[in-house]
>>> print(open('upload.txt').read())   # compact mmCIF, C-alpha atoms
# COMPACT_ATOMS: atom_id res chain seq x y z
CA MET A 1 -10.47 75.12 109.53
CA LYS A 2 -9.11 74.58 106.01
CA PHE A 3 -9.08 77.44 103.47
CA PRO A 4 -9.33 76.92 99.68
CA ARG A 5 -6.01 77.65 97.91
CA SER A 6 -7.32 80.77 96.15
CA MET A 7 -8.56 82.20 99.44
CA LEU A 8 -5.18 81.54 101.02
CA ARG A 9 -3.51 83.48 98.18
CA VAL A 10 -5.79 86.47 98.83
CA ALA A 11 -5.13 86.11 102.54
CA LEU A 12 -1.37 86.21 102.00
CA LEU A 13 -1.76 89.24 99.76
CA LEU A 14 -3.81 91.02 102.39
CA ILE A 15 -1.40 90.07 105.16
CA GLY A 16 1.32 91.57 103.00
CA LEU A 17 -0.83 94.65 102.59
CA SER A 18 -1.49 94.87 106.30
CA GLN A 19 2.24 94.61 106.98
CA SER A 20 2.89 97.46 104.62
CA LEU A 21 0.18 99.33 106.49
CA VAL A 22 2.24 99.04 109.67
CA ILE A 23 4.77 101.22 107.88
CA SER A 24 1.90 103.29 106.53
CA ASN A 25 1.04 104.61 109.95
CA ALA A 26 4.43 106.27 110.04
CA GLN A 27 5.05 107.09 106.41
CA PHE A 28 2.12 106.69 104.04
CA ASP A 29 -0.89 107.70 106.08
CA PRO A 30 -3.28 109.55 103.75
CA LEU A 31 -3.81 112.10 106.51
CA LEU A 32 -0.16 113.08 106.10
CA ASN A 33 -0.62 114.23 102.53
CA PRO A 34 -2.14 117.71 102.66
CA ARG A 35 -3.54 117.64 99.14
CA GLY A 36 -5.16 114.23 99.25
CA ALA A 37 -6.14 113.96 102.90
CA PRO A 38 -9.66 112.59 103.42
CA GLN A 39 -11.79 115.28 105.06
CA ALA A 40 -14.19 114.93 107.96
CA LYS A 41 -17.31 116.98 107.39
CA THR A 42 -18.14 117.58 111.04
CA PRO A 43 -16.10 117.72 114.26
CA GLU A 44 -18.11 114.75 115.57
CA GLU A 45 -17.13 112.64 112.56
CA LEU A 46 -13.46 113.40 113.17
CA ASP A 47 -13.85 112.73 116.92
CA ALA A 48 -15.26 109.31 116.07
CA TYR A 49 -12.38 108.53 113.71
CA LEU A 50 -9.76 109.74 116.20
CA GLU A 51 -11.21 107.33 118.76
CA ILE A 52 -10.39 104.54 116.29
CA ALA A 53 -6.93 105.93 115.58
CA THR A 54 -6.03 106.18 119.26
CA ALA A 55 -7.67 102.97 120.52
CA GLN A 56 -5.19 100.89 122.48
CA GLU A 57 -6.83 97.49 122.03
CA SER A 58 -7.51 95.72 118.73
CA ARG A 59 -10.97 94.52 119.78
CA VAL A 60 -11.93 98.10 120.63
CA THR A 61 -10.64 99.28 117.24
CA ILE A 62 -12.71 96.64 115.43
CA GLU A 63 -15.85 97.57 117.36
CA LYS A 64 -15.33 101.30 116.84
CA VAL A 65 -14.81 100.87 113.09
CA LYS A 66 -18.16 99.02 112.92
CA GLN A 67 -19.88 101.86 114.76
CA PHE A 68 -18.12 104.46 112.59
CA ALA A 69 -19.10 102.75 109.32
CA SER A 70 -22.70 102.50 110.43
CA LYS A 71 -22.90 106.13 111.60
CA TYR A 72 -20.87 107.70 108.76
CA PRO A 73 -21.35 105.41 105.74
CA SER A 74 -20.25 108.07 103.27
CA SER A 75 -17.31 109.36 105.30
CA GLU A 76 -14.08 110.05 103.40
CA LEU A 77 -12.31 108.67 106.47
CA LEU A 78 -13.77 105.18 106.01
CA GLY A 79 -10.76 104.06 103.95
CA VAL A 80 -8.29 104.84 106.73
CA ALA A 81 -10.70 103.38 109.29
CA TYR A 82 -10.76 100.08 107.36
CA GLN A 83 -6.95 100.13 107.22
CA ASP A 84 -6.95 100.39 111.01
CA GLU A 85 -9.49 97.56 111.17
CA THR A 86 -7.31 95.34 108.92
CA LEU A 87 -4.33 95.91 111.19
CA ALA A 88 -6.44 95.25 114.28
CA TYR A 89 -7.62 91.89 112.89
CA LYS A 90 -4.02 91.02 112.14
CA GLN A 91 -3.05 91.82 115.72
CA VAL A 92 -5.59 89.31 117.01
CA ASN A 93 -4.60 86.72 114.36
CA ASP A 94 -8.06 86.68 112.77
CA ILE A 95 -7.30 85.82 109.15
CA GLU A 96 -10.91 85.99 108.00
CA GLY A 97 -11.21 89.40 109.61
CA VAL A 98 -8.06 90.53 107.78
CA LEU A 99 -9.65 89.32 104.53
CA ARG A 100 -12.94 91.09 105.08
CA ALA A 101 -11.44 94.37 106.31
CA GLY A 102 -8.69 94.26 103.68
CA LYS A 103 -11.28 93.88 100.93
CA ARG A 104 -13.25 96.79 102.34
CA THR A 105 -10.03 98.86 102.35
CA LEU A 106 -9.21 97.94 98.77
CA LEU A 107 -12.74 98.81 97.66
CA ARG A 108 -12.45 102.28 99.21
CA TYR A 109 -9.23 102.94 97.30
CA ALA A 110 -10.31 101.26 94.04
CA MET B 1 4.60 133.12 85.07
CA ILE B 2 6.20 131.50 88.06
CA GLY B 3 9.98 131.94 88.29
CA ALA B 4 12.12 128.83 88.01
CA SER B 5 13.53 129.15 91.51
CA PHE B 6 10.04 129.67 92.91
CA ALA B 7 8.75 126.56 91.21
CA GLN B 8 11.31 124.58 93.19
CA ALA B 9 9.87 125.74 96.51
CA PRO B 10 8.27 122.80 98.29
CA ALA B 11 4.49 122.78 97.97
CA GLY B 12 2.10 122.07 100.78
CA THR B 13 4.85 122.40 103.32
CA ARG B 14 4.55 125.96 104.55
CA THR B 15 5.30 125.84 108.25
CA VAL B 16 2.64 127.01 110.65
CA ASP B 17 3.72 127.69 114.18
CA PRO B 18 1.71 125.07 116.10
CA VAL B 19 0.14 127.81 118.25
CA PRO B 20 1.69 131.26 118.64
CA GLU B 21 1.95 132.61 122.18
CA SER B 22 -0.05 135.71 121.22
CA ILE B 23 -3.04 133.44 120.61
CA TYR B 24 -2.82 130.59 123.09
CA LEU B 25 -2.40 132.87 126.11
CA LYS B 26 -5.81 134.39 125.29
CA GLY B 27 -7.57 131.11 124.54
CA HIS B 28 -8.85 130.45 128.06
CA PRO B 29 -10.17 133.11 130.40
CA ALA B 30 -9.63 131.19 133.67
CA THR B 31 -6.68 131.84 135.95
CA LEU B 32 -4.17 129.03 135.81
CA PRO B 33 -2.76 127.09 138.73
CA VAL B 34 0.66 128.68 139.44
CA SER B 35 2.63 125.49 138.78
CA LEU B 36 1.10 125.06 135.32
CA SER B 37 1.43 128.75 134.54
CA VAL B 38 5.18 128.61 135.27
CA LEU B 39 5.69 125.63 132.96
CA ILE B 40 3.71 127.31 130.17
CA HIS B 41 5.63 130.55 130.42
CA GLN B 42 8.90 128.60 130.38
CA GLN B 43 7.51 126.63 127.41
CA ARG B 44 8.31 123.31 129.09
CA TRP B 45 5.59 121.56 127.12
CA ALA B 46 6.15 117.92 128.08
CA GLN B 47 5.90 118.75 131.78
CA ALA B 48 3.01 121.14 131.12
CA ALA B 49 1.12 118.35 129.30
CA GLU B 50 1.70 115.99 132.21
CA LEU B 51 0.45 118.52 134.76
CA ALA B 52 -2.51 119.57 132.61
CA GLU B 53 -3.53 115.93 132.20
CA LYS B 54 -3.41 115.50 135.98
CA PHE B 55 -5.57 118.60 136.25
CA THR B 56 -8.16 117.10 133.88
CA LEU B 57 -8.40 114.00 136.05
CA GLU B 58 -8.84 116.07 139.20
CA HIS B 59 -11.28 118.53 137.59
CA PRO B 60 -13.04 116.66 134.76
CA ARG B 61 -15.84 119.24 134.53
CA GLU B 62 -13.52 122.20 134.01
CA SER B 63 -12.28 123.12 130.57
CA THR B 64 -8.98 124.67 131.84
CA GLY B 65 -6.95 121.46 132.07
CA PHE B 66 -8.22 120.16 128.72
CA TYR B 67 -7.43 123.45 127.00
CA TRP B 68 -3.85 123.58 128.25
CA LEU B 69 -3.40 119.88 127.56
CA GLY B 70 -4.45 120.59 123.97
CA VAL B 71 -2.06 123.53 123.64
CA ALA B 72 0.84 121.54 125.11
CA ARG B 73 0.17 118.58 122.82
CA GLN B 74 0.14 120.87 119.79
CA LYS B 75 3.47 122.28 120.89
CA LEU B 76 4.68 118.68 121.14
CA HIS B 77 3.53 118.11 117.53
CA ASP B 78 0.76 115.70 118.47
CA PRO B 79 -2.26 117.16 116.63
CA VAL B 80 -4.43 114.06 117.08
CA ARG B 81 -4.36 114.10 120.86
CA ALA B 82 -4.35 117.92 120.85
CA ILE B 83 -7.67 117.89 118.99
CA GLN B 84 -9.10 115.36 121.41
CA ALA B 85 -8.19 117.52 124.41
CA LEU B 86 -9.40 120.74 122.78
CA ARG B 87 -12.70 119.14 121.79
CA SER B 88 -13.19 118.06 125.41
CA ALA B 89 -12.63 121.69 126.43
CA GLU B 90 -15.16 122.80 123.82
CA ARG B 91 -17.75 120.32 125.05
CA LEU B 92 -17.29 121.82 128.51
CA GLY B 93 -18.30 125.21 127.14
CA LEU B 94 -15.04 126.85 126.01
CA GLY B 95 -15.58 128.92 122.89
CA THR B 96 -13.49 132.10 122.95
CA PRO B 97 -12.38 133.43 119.56
CA ALA B 98 -8.75 132.60 120.39
CA PHE B 99 -9.81 129.07 121.31
CA HIS B 100 -11.35 128.61 117.87
CA ILE B 101 -8.05 129.71 116.29
CA VAL B 102 -6.12 127.22 118.44
CA LEU B 103 -8.50 124.39 117.52
CA GLY B 104 -8.46 125.47 113.87
CA ILE B 105 -4.66 125.31 113.76
CA ALA B 106 -4.79 121.81 115.25
CA TYR B 107 -7.19 120.76 112.47
CA TYR B 108 -4.88 122.38 109.91
CA ASN B 109 -1.91 120.41 111.22
CA LEU B 110 -3.90 117.19 110.76
CA HIS B 111 -4.86 118.38 107.26
CA GLN B 112 -8.54 118.61 108.20
CA PHE B 113 -9.15 121.71 106.16
CA VAL B 114 -12.97 121.70 106.14
CA LEU B 115 -12.98 121.89 109.93
CA PHE B 116 -10.05 124.34 109.93
CA GLU B 117 -11.96 126.77 107.71
CA GLU B 118 -15.06 126.42 109.85
CA GLN B 119 -13.11 127.41 112.98
CA MET B 120 -11.55 130.41 111.25
CA GLN B 121 -14.96 131.55 109.97
CA MET B 122 -16.38 131.23 113.48
CA THR B 123 -13.65 133.54 114.76
CA ILE B 124 -14.27 136.03 111.94
CA ARG B 125 -17.98 136.05 112.77
CA SER B 126 -17.38 136.77 116.46
CA GLU B 127 -14.36 139.08 116.06
CA PRO B 128 -14.29 140.44 112.50
CA PHE B 129 -11.37 142.77 113.19
CA ARG B 130 -9.00 140.06 114.31
CA TYR B 131 -6.25 139.49 111.76
CA GLU B 132 -5.15 135.93 112.58
CA PRO B 133 -8.00 134.01 110.88
CA TYR B 134 -7.34 135.90 107.64
CA TYR B 135 -3.65 135.16 107.93
CA TYR B 136 -4.15 131.41 108.48
CA LEU B 137 -6.77 131.20 105.75
CA GLY B 138 -4.24 132.97 103.53
CA ILE B 139 -1.67 130.27 104.25
CA TYR B 140 -4.24 127.59 103.42
CA TYR B 141 -5.28 129.15 100.11
CA GLU B 142 -1.66 129.83 99.17
CA ASP B 143 0.09 126.67 100.31
CA VAL B 144 -2.51 123.93 99.96
CA LEU B 145 -4.90 125.19 97.28
CA ASN B 146 -2.42 127.41 95.37
CA ARG B 147 -5.21 129.92 94.83
CA TRP B 148 -2.82 132.85 94.82
CA GLU B 149 -5.27 135.67 94.08
CA HIS B 150 -7.61 134.76 96.89
CA ALA B 151 -4.69 134.12 99.25
CA LEU B 152 -3.34 137.56 98.35
CA GLU B 153 -6.66 139.18 99.30
CA LEU B 154 -6.63 137.35 102.62
CA PHE B 155 -3.03 138.38 103.40
CA HIS B 156 -3.83 141.98 102.46
CA ARG B 157 -6.85 141.94 104.77
CA ALA B 158 -4.68 140.51 107.58
CA ALA B 159 -2.02 143.19 106.97
CA GLU B 160 -4.70 145.87 107.00
CA LEU B 161 -5.98 144.69 110.37
CA GLU B 162 -2.49 144.24 111.88
CA PRO B 163 -0.03 146.46 110.00
CA ASP B 164 2.84 145.57 112.36
CA ASP B 165 2.83 141.86 111.54
CA PRO B 166 5.59 141.05 109.04
CA ARG B 167 4.18 137.59 108.22
CA SER B 168 1.03 138.85 106.50
CA MET B 169 3.04 141.19 104.27
CA TYR B 170 5.46 138.36 103.52
CA GLY B 171 2.50 136.12 102.60
CA ALA B 172 1.27 138.79 100.20
CA GLY B 173 4.76 138.99 98.67
CA TYR B 174 4.90 135.22 98.26
CA CYS B 175 1.57 135.22 96.39
CA LEU B 176 2.71 138.11 94.18
CA GLU B 177 5.88 136.18 93.40
CA ALA B 178 3.81 133.14 92.47
CA LEU B 179 1.67 135.34 90.22
CA GLY B 180 4.82 136.50 88.43
CA LYS B 181 4.58 140.06 89.80
CA ARG B 182 8.19 140.12 90.91
CA ASP B 183 8.56 143.88 91.40
CA GLU B 184 5.48 144.04 93.59
CA ALA B 185 6.68 140.95 95.46
CA ALA B 186 10.03 142.64 96.15
CA LYS B 187 8.22 145.71 97.52
CA ALA B 188 6.13 143.53 99.84
CA TYR B 189 9.26 141.67 101.04
CA GLU B 190 11.06 144.97 101.67
CA GLU B 191 8.09 146.21 103.67
CA SER B 192 8.05 143.01 105.67
CA ILE B 193 11.81 143.28 106.29
CA GLY B 194 11.26 146.83 107.56
CA LEU B 195 8.70 145.53 110.08
CA ILE B 196 11.08 142.79 111.25
CA GLU B 197 13.90 145.29 111.73
CA ARG B 198 11.63 147.69 113.64
CA ASN B 199 10.37 144.96 115.97
CA SER B 200 13.59 142.90 116.20
CA GLY B 201 11.62 139.91 114.91
CA ARG B 202 13.09 136.48 114.19
CA PHE B 203 11.12 135.73 111.03
CA SER B 204 13.19 134.90 107.95
CA GLY B 205 10.54 134.66 105.20
CA PRO B 206 11.05 138.01 103.41
CA HIS B 207 14.87 137.75 103.43
CA GLN B 208 14.54 134.31 101.89
CA GLY B 209 12.05 135.74 99.39
CA MET B 210 14.41 138.53 98.38
CA ALA B 211 17.25 136.03 97.96
CA ARG B 212 14.98 133.90 95.76
CA LEU B 213 14.00 136.87 93.62
CA LEU B 214 17.62 137.97 93.12
CA LEU B 215 19.08 134.52 92.63
CA ASP B 216 19.04 134.38 88.84
CA ALA B 217 19.62 138.05 88.02
CA ASP B 218 22.28 138.87 90.62
CA PRO B 219 23.37 136.03 92.91
CA TYR B 220 25.95 138.26 94.62
CA LYS B 221 23.10 140.51 95.80
CA ALA B 222 21.09 137.42 96.81
CA LEU B 223 23.86 136.17 99.13
CA PRO B 224 23.49 138.70 102.00
CA PHE B 225 19.72 138.17 102.06
CA ALA B 226 20.24 134.39 102.19
CA HIS B 227 22.79 134.81 105.00
CA LYS B 228 20.41 137.02 106.97
CA ALA B 229 17.53 134.57 106.50
CA LEU B 230 19.67 131.79 107.94
CA GLU B 231 20.83 133.99 110.80
CA LEU B 232 17.19 134.71 111.71
CA GLU B 233 16.00 131.11 111.50
CA PRO B 234 18.95 128.70 111.39
CA SER B 235 16.83 125.58 111.80
CA SER B 236 14.75 126.23 108.68
CA PRO B 237 15.83 123.77 105.94
CA SER B 238 14.67 126.11 103.16
CA ASN B 239 17.06 128.80 104.41
CA HIS B 240 19.97 126.39 103.96
CA VAL B 241 18.69 125.51 100.48
CA ILE B 242 18.46 129.13 99.35
CA LEU B 243 21.93 129.91 100.70
CA ALA B 244 23.27 126.83 98.93
CA LYS B 245 21.72 128.00 95.66
CA ALA B 246 23.33 131.41 96.04
CA TYR B 247 26.71 129.77 96.77
CA GLU B 248 26.27 127.51 93.76
CA ARG B 249 25.50 130.46 91.48
CA VAL B 250 28.68 132.29 92.54
CA GLY B 251 30.80 129.15 92.23
CA ARG B 252 31.31 128.41 95.94
CA LEU B 253 30.42 124.77 95.45
CA THR B 254 31.92 123.26 98.60
CA GLU B 255 29.94 125.67 100.76
CA ALA B 256 26.83 124.85 98.71
CA VAL B 257 27.33 121.15 99.49
CA GLU B 258 27.63 121.88 103.22
CA GLU B 259 24.39 123.86 103.25
CA LEU B 260 22.52 121.24 101.24
CA GLN B 261 23.74 118.47 103.53
CA LEU B 262 22.38 120.45 106.48
CA ALA B 263 19.06 120.97 104.68
CA ALA B 264 18.81 117.22 103.97
CA TYR B 265 19.61 116.48 107.61
CA LEU B 266 16.99 118.94 108.89
CA SER B 267 14.32 117.76 106.46
CA PRO B 268 15.03 114.08 105.79
CA THR B 269 11.80 113.45 103.87
CA ASP B 270 12.19 116.36 101.44
CA PRO B 271 13.62 115.18 98.11
CA SER B 272 14.60 118.65 96.78
CA PRO B 273 17.92 119.12 98.67
CA ARG B 274 18.97 115.69 97.36
CA PHE B 275 18.40 116.74 93.78
CA ALA B 276 20.34 119.96 94.33
CA LEU B 277 23.15 117.98 95.99
CA ALA B 278 23.35 115.64 92.99
CA ARG B 279 23.70 118.64 90.69
CA VAL B 280 26.45 120.28 92.76
CA TYR B 281 28.36 116.98 93.15
CA GLU B 282 28.19 116.59 89.38
CA LYS B 283 29.71 120.04 88.96
CA LEU B 284 32.46 119.05 91.40
CA GLY B 285 33.18 115.95 89.31
CA ARG B 286 32.03 113.61 92.08
CA SER B 287 29.85 111.36 89.91
CA GLU B 288 29.48 108.56 92.45
CA ALA B 289 28.18 110.91 95.15
CA ALA B 290 25.90 112.57 92.59
CA GLY B 291 24.44 109.18 91.59
CA SER B 292 23.81 108.24 95.17
CA GLU B 293 21.99 111.53 95.87
CA LEU B 294 19.94 111.11 92.70
CA GLN B 295 18.88 107.65 93.86
CA MET B 296 17.87 109.08 97.23
CA PHE B 297 15.97 111.87 95.46
CA GLU B 298 14.01 109.33 93.41
CA LYS B 299 13.29 107.20 96.46
CA LEU B 300 12.04 110.14 98.54
CA THR B 301 9.97 111.47 95.63
CA ARG B 302 8.27 108.09 95.27
CA ILE B 303 7.38 108.01 98.95
CA TYR B 304 6.78 111.63 99.87
CA GLY B 305 6.65 113.45 96.58
CA PRO B 306 3.65 115.35 95.23
>>> encode(input="upload.txt", output="C-alpha cells")
Amino acid sequence: MKFPRSMLRVALLLIGLSQSLVISNAQFDPLLNPRGAPQAKTPEELDAYLEIATAQESRVTIEKVKQFASKYPSSELLGVAYQDETLAYKQVNDIEGVLRAGKRTLLRYA
Amino acid sequence: MIGASFAQAPAGTRTVDPVPESIYLKGHPATLPVSLSVLIHQQRWAQAAELAEKFTLEHPRESTGFYWLGVARQKLHDPVRAIQALRSAERLGLGTPAFHIVLGIAYYNLHQFVLFEEQMQMTIRSEPFRYEPYYYLGIYYEDVLNRWEHALELFHRAAELEPDDPRSMYGAGYCLEALGKRDEAAKAYEESIGLIERNSGRFSGPHQGMARLLLDADPYKALPFAHKALELEPSSPSNHVILAKAYERVGRLTEAVEELQLAAYLSPTDPSPRFALARVYEKLGRSEAAGSELQMFEKLTRIYGP
C-alpha cells in the first residue's frame, strides 16, 4: 500500500511521538505529576485503565482501549489510554493504527 | 508570608510511608499462614509478594492472599499492581477501616486523589475517632493542594485523636510555617520533638523544620537541629539539603558540597540540590563545576519541574 507524501510526514511525526512515549512511561507519564494527574472518578474506571496499563500483549491493549473509550468517553484517563494504544500499534507495526491513535492522543492534549 | 527557605522546599513531594505497620497489620482479620506471617514480620516484601501471589492462585475466593499481595507490592513501590491486588481483595468482601486506609494510600501514591479522598472518608464514616485518615488528608491538602488552613485543621484533628503521634503535630507546624506563623510553627515543632524523644521515634520532620526556621536568623543554632534530623533519617535527601544550607551559612562550604552531592545522589530527579550546588561551587570559585550543575538544574527542571 502506498501512502501520500503528506500522510507519510504525519506518520513519521507520530512515530517520533510514539518513540518519545516509550521514554514517557518512565519519565513523563502524566500520572507521575501529582498536580496534573488525570483523575479516575470511580474505582471501576481506574481498574479498567490499569488493565490497559498492565496488558502484556499489544493486541490486548488495543482492544481494551476501545472498550475503555466506549465505556468511559469522558474519562480524564483517555489521553494516557490513547498513548498506550499508539505504542501498542507501533509494537505491531501498524502504521495506520499509529496515525489514528496518535491523532486521538494529540486531540486529548490539544 | 512564606519564608525564603520554606519556598525552596520541594512541592508535591512529601513522602508518605507506603503503608505503616500500625495500619497494615490490622487491615485483614484472617489469621495468616505461618510462612507468610514470618516474611511480613521480617519485612521481606519481595518474598512475601511471591508467597502471597501463590496463595491467591491456591485460594482465589479468599481475600487474604490478595490483601497481603497488595501490601507487599506497595512496600515494593508498585502502586499499580498493589491497587489491582487490593481491589481483588475488596471484591471478595474485604472492607475493614484499616483496609480502606491501605487502599487509599495506594491511590495516593498513584496520584489518584479523588479515589484516595473517598477511601479516607469511608474510614472516617465507619471509625470517626481514628486519626490516620485525618493525617493523610492533611498531607494531601498541604502537599498537593497547598490549602494550608484546611490542612492545619486536619492535622490538629489528627493530633487531638492521637496526641502521641509526632507526625500530626509536625504537619501542623509545617502548615503554620507556610502561613508565615513562624513562632507558632516553632512551638508545634518543639512539641513534636518532645513526642519523638519520649517515644524514641525515628522521624526527622520537626528537627528539619526547626533548622529551616533558624537558618536565616541564626545558622549556628540551626546546625544541631540539621545534624539531628540527618541522624534520625539519613536517607532523606531533604535532610542533607538542610544541613548543607546550614553549613553554607556558616561558611563550611566543602562540607556543604558533600551534603548536596549526597542529596543529588539520593534524589536524582530533584533539581533543587543542583541549584544549591551551583551556588556553593560559585562561592568556592569553581566556575566550571557551577556551570555544569546549573545546566543539570535546568535540564531536570524542564523534565521534572513544577
>>> interface_residues(input="upload.txt", of="chain A", to="chain B", cutoff="7 Å", atoms="all atoms listed in the file", output="ChimeraX atom specification")
/A:31,34-35,37,39-43,50
>>> atom_distance(input="upload.txt", atom1="atom CA of B:Ala48", atom2="atom CA of B:Gly65")
10.0 Å
>>> atom_distance(input="upload.txt", atom1="atom CA of B:Arg130", atom2="atom CA of B:Lys75")
22.7 Å
>>> atom_distance(input="upload.txt", atom1="atom CA of B:Glu259", atom2="atom CA of B:Pro273")
9.2 Å
>>> closest_residue(input="upload.txt", among="A:Ile95, A:Thr105, A:Glu85, A:Gly79", to="A:Pro38", atoms="all atoms listed in the file")
A:Gly79
>>> residues_around(input="upload.txt", residues="B:Phe55", least_positions_apart="5", cutoff="10 Å", atoms="only C-alpha atoms", output="compact mmCIF listing (two decimals) with C-alpha atoms, in the frame of the given file")
# COMPACT_ATOMS: atom_id res chain seq x y z
CA PRO B 33 -2.76 127.09 138.73
CA LEU B 36 1.10 125.06 135.32
CA ALA B 49 1.12 118.35 129.30
CA GLU B 50 1.70 115.99 132.21
CA PRO B 60 -13.04 116.66 134.76
CA GLU B 62 -13.52 122.20 134.01
CA SER B 63 -12.28 123.12 130.57
CA THR B 64 -8.98 124.67 131.84
CA GLY B 65 -6.95 121.46 132.07
CA PHE B 66 -8.22 120.16 128.72
CA TRP B 68 -3.85 123.58 128.25
CA LEU B 69 -3.40 119.88 127.56
>>> closest_residue(input="upload.txt", among="B:Leu260, B:Leu92, B:Glu160, B:Thr301", to="B:His240", atoms="only C-alpha atoms")
B:Leu260
>>> residues_around(input="upload.txt", residues="stretch 208-219 of chain B", least_positions_apart="2", cutoff="9 Å", atoms="all atoms listed in the file", output="PyMOL selection string")
chain B and resi 3-6+170+173-174+177+182+185-186+189-190+204-206+221-230+238-239+242-243+245-247+249-250
>>> write_last_selection(input="upload.txt", atoms="C-alpha atoms", output="PDB file, keeping the file's coordinate frame")
ATOM      1  CA  GLY B   3       9.980 131.940  88.290  1.00  0.00           C
ATOM      2  CA  ALA B   4      12.120 128.830  88.010  1.00  0.00           C
ATOM      3  CA  SER B   5      13.530 129.150  91.510  1.00  0.00           C
ATOM      4  CA  PHE B   6      10.040 129.670  92.910  1.00  0.00           C
ATOM      5  CA  TYR B 170       5.460 138.360 103.520  1.00  0.00           C
ATOM      6  CA  GLY B 173       4.760 138.990  98.670  1.00  0.00           C
ATOM      7  CA  TYR B 174       4.900 135.220  98.260  1.00  0.00           C
ATOM      8  CA  GLU B 177       5.880 136.180  93.400  1.00  0.00           C
ATOM      9  CA  ARG B 182       8.190 140.120  90.910  1.00  0.00           C
ATOM     10  CA  ALA B 185       6.680 140.950  95.460  1.00  0.00           C
ATOM     11  CA  ALA B 186      10.030 142.640  96.150  1.00  0.00           C
ATOM     12  CA  TYR B 189       9.260 141.670 101.040  1.00  0.00           C
ATOM     13  CA  GLU B 190      11.060 144.970 101.670  1.00  0.00           C
ATOM     14  CA  SER B 204      13.190 134.900 107.950  1.00  0.00           C
ATOM     15  CA  GLY B 205      10.540 134.660 105.200  1.00  0.00           C
ATOM     16  CA  PRO B 206      11.050 138.010 103.410  1.00  0.00           C
ATOM     17  CA  LYS B 221      23.100 140.510  95.800  1.00  0.00           C
ATOM     18  CA  ALA B 222      21.090 137.420  96.810  1.00  0.00           C
ATOM     19  CA  LEU B 223      23.860 136.170  99.130  1.00  0.00           C
ATOM     20  CA  PRO B 224      23.490 138.700 102.000  1.00  0.00           C
ATOM     21  CA  PHE B 225      19.720 138.170 102.060  1.00  0.00           C
ATOM     22  CA  ALA B 226      20.240 134.390 102.190  1.00  0.00           C
ATOM     23  CA  HIS B 227      22.790 134.810 105.000  1.00  0.00           C
ATOM     24  CA  LYS B 228      20.410 137.020 106.970  1.00  0.00           C
ATOM     25  CA  ALA B 229      17.530 134.570 106.500  1.00  0.00           C
ATOM     26  CA  LEU B 230      19.670 131.790 107.940  1.00  0.00           C
ATOM     27  CA  SER B 238      14.670 126.110 103.160  1.00  0.00           C
ATOM     28  CA  ASN B 239      17.060 128.800 104.410  1.00  0.00           C
ATOM     29  CA  ILE B 242      18.460 129.130  99.350  1.00  0.00           C
ATOM     30  CA  LEU B 243      21.930 129.910 100.700  1.00  0.00           C
ATOM     31  CA  LYS B 245      21.720 128.000  95.660  1.00  0.00           C
ATOM     32  CA  ALA B 246      23.330 131.410  96.040  1.00  0.00           C
ATOM     33  CA  TYR B 247      26.710 129.770  96.770  1.00  0.00           C
ATOM     34  CA  ARG B 249      25.500 130.460  91.480  1.00  0.00           C
ATOM     35  CA  VAL B 250      28.680 132.290  92.540  1.00  0.00           C
TER      36      VAL B 250
END
>>> residues_around(input="upload.txt", residues="A:Ile52", least_positions_apart="2", cutoff="7 Å", atoms="all atoms listed in the file", output="JSON list (two decimals) with C-alpha atoms, keeping the file's coordinate frame")
[["chain", "number", "residue", "atom", "x", "y", "z"],
["A", 48, "ALA", "CA", -15.26, 109.31, 116.07],
["A", 49, "TYR", "CA", -12.38, 108.53, 113.71],
["A", 50, "LEU", "CA", -9.76, 109.74, 116.20],
["A", 54, "THR", "CA", -6.03, 106.18, 119.26],
["A", 55, "ALA", "CA", -7.67, 102.97, 120.52],
["A", 61, "THR", "CA", -10.64, 99.28, 117.24],
["A", 64, "LYS", "CA", -15.33, 101.30, 116.84],
["A", 65, "VAL", "CA", -14.81, 100.87, 113.09]]
>>> closest_residue(input="upload.txt", among="B:Cys175, B:Glu132, B:Glu288, B:Ala244", to="B:Arg147", atoms="all atoms listed in the file")
B:Cys175
>>> residues_around(input="upload.txt", residues="A:Arg104", least_positions_apart="2", cutoff="10 Å", atoms="only C-alpha atoms", output="MDAnalysis selection string")
chainID A and resid 78:79 81:83 85:86 98:102 106:110
>>> residues_around(input="upload.txt", residues="stretch 98-104 of chain B", least_positions_apart="5", cutoff="10 Å", atoms="all atoms listed in the file", output="MDAnalysis selection string")
chainID B and resid 18:20 22:29 67 70:71 74 79 82:87 89:90 109:110 112:124 127 130 132:133 136
>>> residues_near_point(input="upload.txt", point="(8.2, 124.7, 133.9)", cutoff="12 Å", atoms="only C-alpha atoms", output="ChimeraX atom specification")
/B:34-52,72
>>> decode(input="upload.txt", residues="stretch 92-99 of chain A", atoms="N, CA and C atoms", output="PDB file, in the first residue's frame")
ATOM      1  N   VAL A  92       3.053  -3.497  16.943  1.00  0.00           N
ATOM      2  CA  VAL A  92       2.627  -4.485  15.940  1.00  0.00           C
ATOM      3  C   VAL A  92       2.826  -3.950  14.506  1.00  0.00           C
ATOM      4  N   ASN A  93       3.619  -2.876  14.391  1.00  0.00           N
ATOM      5  CA  ASN A  93       3.963  -2.292  13.088  1.00  0.00           C
ATOM      6  C   ASN A  93       2.740  -1.911  12.254  1.00  0.00           C
ATOM      7  N   ASP A  94       1.721  -1.387  12.895  1.00  0.00           N
ATOM      8  CA  ASP A  94       0.513  -0.956  12.195  1.00  0.00           C
ATOM      9  C   ASP A  94       0.546   0.571  12.092  1.00  0.00           C
ATOM     10  N   ILE A  95       1.066   1.055  10.939  1.00  0.00           N
ATOM     11  CA  ILE A  95       1.299   2.497  10.811  1.00  0.00           C
ATOM     12  C   ILE A  95      -0.011   3.287  10.786  1.00  0.00           C
ATOM     13  N   GLU A  96      -1.032   2.721  10.186  1.00  0.00           N
ATOM     14  CA  GLU A  96      -2.322   3.430  10.176  1.00  0.00           C
ATOM     15  C   GLU A  96      -2.900   3.522  11.585  1.00  0.00           C
ATOM     16  N   GLY A  97      -2.692   2.463  12.340  1.00  0.00           N
ATOM     17  CA  GLY A  97      -3.148   2.454  13.736  1.00  0.00           C
ATOM     18  C   GLY A  97      -2.405   3.508  14.548  1.00  0.00           C
ATOM     19  N   VAL A  98      -1.084   3.616  14.297  1.00  0.00           N
ATOM     20  CA  VAL A  98      -0.288   4.644  14.989  1.00  0.00           C
ATOM     21  C   VAL A  98      -0.857   6.015  14.673  1.00  0.00           C
ATOM     22  N   LEU A  99      -1.182   6.213  13.379  1.00  0.00           N
ATOM     23  CA  LEU A  99      -1.743   7.514  12.950  1.00  0.00           C
ATOM     24  C   LEU A  99      -3.053   7.830  13.656  1.00  0.00           C
TER      25      LEU A  99
END
